[in-house]
Amino acid sequence: MELTKASEKILTAIKNQEMCLVVGDCFVSYTGRASSKLPRGKRLLMIKADSSVSIHENRLVRPTNYMTTAKTSCEIIENKKETMLKMISKNKTKETLEIIFYSIDDIQIYDLPMSNDLRLSGSEKELNDALMDDLSFLEPGLKPINQQQVFRKGVCDIIAEDKDGKLVVIELKRRQADYGSVTQLKRYVEQVEKIKGKETRGILLAPDIRKSAMELLQSYGLEYYSYDFEVGERSKIKGIGKSQMKLGEY
């Protein structure tokens, strides 16, 4: 597809708050809280009505790169060798996702309604309640003290006390834990220590954790437990496992 036409279609879809799917040969770079680059290759770009932008490869469920509430622009770049379509997405936190298309195979646009009608079973609240019933299967002697503790910046899932009298902050995630999950837990641990004046541990509980997040968690001296859960009339946590992996084992 001719890149100037592609640019027009993409911008029209964004303006009309339509879902836009673009398949093509592209290079991707991200700068913000960290930085990353994807070498040139064929990928899927997805732009949704809520201004989220994501890059997908033919593997994994999660996008390789993504950005939420982004403002996206398109620009045609020409040099002696080739013509390219440069897309830049920026958000309020000064993150930038740059996508350069060298060729585009296909663009599909869909007028899909935005909906918040998801009915969720096995929510974090249900799993929180299951933990409050009994924390001993997570760690012998671990006793719940408080649930949904409100802080100035966020709500801590569970505060408990271990067999040695140390306070334990438990942050529960229903999906894969990321960098944000780790920094959130660290912040809560620091706040509890400051308020209570007692040594406090931090446990991140999630079905899975990203490699980079695991490295950060271990550098902070926090702990990670993996778990599985089943959904029924009331969700149950099962299959708890504590990760003792060292960084070199990845």
# chains A, B, ... in the order shown; residues from 1 in each chain; ligands from 1
>>> select_by_dssp(residues="stretch 20-111 of chain A", states="strand (DSSP E)", output="VMD selection string")
chain A and resid 20 to 31 35 to 47 53 to 56 65 to 67 71 to 78 83 to 90 96 to 110
>>> select_by_dssp(residues="stretch 195-228 of chain A", states="helix (DSSP H, G or I)", output="mmCIF file with C-alpha atoms, in the first residue's frame")
data_model
loop_
_atom_site.group_PDB
_atom_site.id
_atom_site.type_symbol
_atom_site.label_atom_id
_atom_site.label_comp_id
_atom_site.auth_asym_id
_atom_site.auth_seq_id
_atom_site.Cartn_x
_atom_site.Cartn_y
_atom_site.Cartn_z
ATOM 1 C CA ILE A 195 3.994 4.435 60.071
ATOM 2 C CA LYS A 196 4.479 1.407 62.326
ATOM 3 C CA LYS A 211 12.050 -11.198 33.990
ATOM 4 C CA SER A 212 12.908 -7.493 34.368
ATOM 5 C CA ALA A 213 10.397 -7.140 37.207
ATOM 6 C CA MET A 214 11.899 -10.161 38.987
ATOM 7 C CA GLU A 215 15.361 -8.621 38.777
ATOM 8 C CA LEU A 216 14.075 -5.362 40.243
ATOM 9 C CA LEU A 217 12.171 -7.177 42.994
ATOM 10 C CA GLN A 218 15.253 -9.123 44.061
ATOM 11 C CA SER A 219 17.393 -5.975 44.052
#
>>> residues_around(residues="A:Pro113", least_positions_apart="4", cutoff="12 Å", atoms="only C-alpha atoms", output="list in words")
Asn16, Gln17, Glu18, Met19, Lys48, Ala49, Asp50 and Asp117 of chain A
>>> write_last_selection(atoms="N, CA and C atoms", output="PDB file, in the first residue's frame")
ATOM      1  N   ASN A  16     -11.747   9.395  14.054  1.00  0.00           N
ATOM      2  CA  ASN A  16     -13.104   8.845  14.205  1.00  0.00           C
ATOM      3  C   ASN A  16     -13.223   7.841  15.357  1.00  0.00           C
ATOM      4  N   GLN A  17     -12.126   7.674  16.119  1.00  0.00           N
ATOM      5  CA  GLN A  17     -12.085   6.731  17.249  1.00  0.00           C
ATOM      6  C   GLN A  17     -12.477   5.312  16.821  1.00  0.00           C
ATOM      7  N   GLU A  18     -11.866   4.876  15.716  1.00  0.00           N
ATOM      8  CA  GLU A  18     -12.087   3.528  15.207  1.00  0.00           C
ATOM      9  C   GLU A  18     -10.862   2.667  15.516  1.00  0.00           C
ATOM     10  N   MET A  19     -11.068   1.359  15.510  1.00  0.00           N
ATOM     11  CA  MET A  19      -9.929   0.456  15.674  1.00  0.00           C
ATOM     12  C   MET A  19      -9.193   0.346  14.342  1.00  0.00           C
ATOM     13  N   LYS A  48      -6.403   1.747  19.112  1.00  0.00           N
ATOM     14  CA  LYS A  48      -7.794   1.607  19.560  1.00  0.00           C
ATOM     15  C   LYS A  48      -8.427   2.968  19.836  1.00  0.00           C
ATOM     16  N   ALA A  49      -9.739   2.953  20.037  1.00  0.00           N
ATOM     17  CA  ALA A  49     -10.498   4.188  20.237  1.00  0.00           C
ATOM     18  C   ALA A  49     -10.092   4.936  21.495  1.00  0.00           C
ATOM     19  N   ASP A  50      -9.544   4.218  22.482  1.00  0.00           N
ATOM     20  CA  ASP A  50      -9.124   4.871  23.726  1.00  0.00           C
ATOM     21  C   ASP A  50      -7.723   5.477  23.619  1.00  0.00           C
ATOM     22  N   ASP A 117     -18.645  -3.621  29.745  1.00  0.00           N
ATOM     23  CA  ASP A 117     -19.608  -4.611  30.206  1.00  0.00           C
ATOM     24  C   ASP A 117     -18.981  -5.919  30.669  1.00  0.00           C
TER      25      ASP A 117
END
>>> residues_around(residues="stretch 40-45 of chain A", least_positions_apart="3", cutoff="10 Å", atoms="only C-alpha atoms", output="tab-separated table (two decimals) with N, CA and C atoms, in the first residue's frame")
chain	number	residue	atom	x	y	z
A	20	CYS	N	-7.87	0.50	14.40
A	20	CYS	CA	-7.06	0.47	13.18
A	20	CYS	C	-5.97	-0.59	13.33
A	21	LEU	N	-5.93	-1.53	12.39
A	21	LEU	CA	-4.92	-2.59	12.37
A	21	LEU	C	-4.02	-2.39	11.16
A	22	VAL	N	-2.72	-2.29	11.41
A	22	VAL	CA	-1.76	-2.05	10.33
A	22	VAL	C	-0.71	-3.16	10.36
A	23	VAL	N	-0.52	-3.81	9.23
A	23	VAL	CA	0.52	-4.85	9.11
A	23	VAL	C	1.57	-4.36	8.14
A	24	GLY	N	2.83	-4.38	8.59
A	24	GLY	CA	3.89	-3.92	7.70
A	24	GLY	C	5.28	-4.12	8.26
A	25	ASP	N	6.26	-3.76	7.44
A	25	ASP	CA	7.67	-3.86	7.78
A	25	ASP	C	8.07	-2.58	8.52
A	26	CYS	N	8.48	-2.72	9.80
A	26	CYS	CA	8.72	-1.52	10.60
A	26	CYS	C	9.87	-1.68	11.59
A	27	PHE	N	10.34	-0.52	12.05
A	27	PHE	CA	11.33	-0.43	13.13
A	27	PHE	C	10.64	0.31	14.28
A	28	VAL	N	10.88	-0.13	15.52
A	28	VAL	CA	10.18	0.45	16.66
A	28	VAL	C	11.18	0.82	17.75
A	37	LYS	N	14.50	-1.05	21.69
A	37	LYS	CA	14.42	-0.97	20.24
A	37	LYS	C	14.05	-2.34	19.68
A	53	VAL	N	-1.94	2.37	21.87
A	53	VAL	CA	-1.17	1.93	20.70
A	53	VAL	C	-0.34	0.72	21.12
A	54	SER	N	-0.38	-0.35	20.34
A	54	SER	CA	0.39	-1.54	20.71
A	54	SER	C	0.98	-2.20	19.47
A	55	ILE	N	2.17	-2.79	19.68
A	55	ILE	CA	2.89	-3.50	18.61
A	55	ILE	C	2.88	-4.99	18.95
A	56	HIS	N	2.46	-5.80	17.99
A	56	HIS	CA	2.37	-7.25	18.21
A	56	HIS	C	3.24	-7.99	17.20
A	57	GLU	N	3.87	-9.07	17.69
A	57	GLU	CA	4.57	-10.00	16.83
A	57	GLU	C	3.78	-11.31	16.79
A	58	ASN	N	4.20	-12.23	15.96
A	58	ASN	CA	3.44	-13.47	15.80
A	58	ASN	C	3.81	-14.47	16.90
A	63	PRO	N	1.37	-7.53	23.97
A	63	PRO	CA	2.11	-6.79	22.94
A	63	PRO	C	3.59	-6.69	23.28
A	64	THR	N	4.41	-6.55	22.25
A	64	THR	CA	5.85	-6.37	22.46
A	64	THR	C	6.14	-4.97	22.99
A	65	ASN	N	5.43	-3.99	22.45
A	65	ASN	CA	5.48	-2.60	22.93
A	65	ASN	C	4.07	-2.07	23.00
A	66	TYR	N	3.82	-1.17	23.92
A	66	TYR	CA	2.48	-0.57	23.97
A	66	TYR	C	2.55	0.78	24.68
A	99	ILE	N	7.48	4.59	15.58
A	99	ILE	CA	7.33	3.46	14.66
A	99	ILE	C	7.62	3.96	13.25
A	100	ILE	N	8.58	3.35	12.58
A	100	ILE	CA	8.89	3.73	11.20
A	100	ILE	C	8.53	2.57	10.27
A	101	PHE	N	7.53	2.79	9.42
A	101	PHE	CA	7.11	1.78	8.44
A	101	PHE	C	7.86	2.00	7.13
A	102	TYR	N	8.51	0.93	6.65
A	102	TYR	CA	9.19	0.96	5.36
A	102	TYR	C	8.24	0.51	4.25
A	103	SER	N	7.29	-0.34	4.63
A	103	SER	CA	6.23	-0.76	3.71
A	103	SER	C	5.04	-1.23	4.53
A	104	ILE	N	3.86	-1.13	3.94
A	104	ILE	CA	2.63	-1.56	4.62
A	104	ILE	C	1.91	-2.55	3.72
A	105	ASP	N	1.62	-3.72	4.26
A	105	ASP	CA	0.93	-4.76	3.51
A	105	ASP	C	-0.59	-4.55	3.51
A	106	ASP	N	-1.11	-4.13	4.68
A	106	ASP	CA	-2.56	-4.06	4.79
A	106	ASP	C	-2.97	-3.14	5.93
A	107	ILE	N	-4.10	-2.47	5.78
A	107	ILE	CA	-4.73	-1.69	6.85
A	107	ILE	C	-6.20	-2.07	6.91
>>> closest_residue(among="A:Ile209, A:Leu3, A:Tyr220, A:Gln184", to="A:Glu82", atoms="only C-alpha atoms")
A:Leu3
>>> closest_residue(among="A:Gly32, A:Pro144, A:Gly180, A:Pro207", to="A:Lys163", atoms="only C-alpha atoms")
A:Pro144
>>> residues_around(residues="A:Gln148", least_positions_apart="3", cutoff="6 Å", atoms="only C-alpha atoms", output="list in words")
Val155, Cys156 and Asp157 of chain A
>>> atom_distance(atom1="atom CA of A:Asp134", atom2="atom CA of A:Leu205")
14.7 Å
>>> closest_residue(among="A:Glu78, A:Glu139, A:Asp208, A:Glu95", to="A:Ala34", atoms="only C-alpha atoms")
A:Glu95
>>> closest_residue(among="A:Met67, A:Ile77, A:Val189, A:Val61", to="A:Thr4", atoms="only C-alpha atoms")
A:Ile77
>>> atom_distance(atom1="atom CA of A:Leu142", atom2="atom CA of A:Arg210")
26.3 Å
>>> atom_distance(atom1="atom CA of A:Leu127", atom2="atom CA of A:Asp162")
19.9 Å
>>> residues_around(residues="A:Ser89", least_positions_apart="2", cutoff="7 Å", atoms="only C-alpha atoms", output="PDB file with C-alpha atoms, in the first residue's frame")
ATOM      1  CA  ALA A  70      -1.258   8.369  23.518  1.00  0.00           C
ATOM      2  CA  LYS A  71      -1.368  11.196  21.014  1.00  0.00           C
ATOM      3  CA  THR A  72      -0.244   9.797  17.647  1.00  0.00           C
ATOM      4  CA  SER A  73       1.063  11.687  14.624  1.00  0.00           C
ATOM      5  CA  MET A  87       4.560   7.505  13.469  1.00  0.00           C
ATOM      6  CA  ASN A  91       1.601  10.421  26.423  1.00  0.00           C
ATOM      7  CA  THR A  96       7.545   8.188  23.318  1.00  0.00           C
ATOM      8  CA  LEU A  97       6.880   5.263  20.979  1.00  0.00           C
ATOM      9  CA  GLU A  98       8.340   5.774  17.499  1.00  0.00           C
TER      10      GLU A  98
END
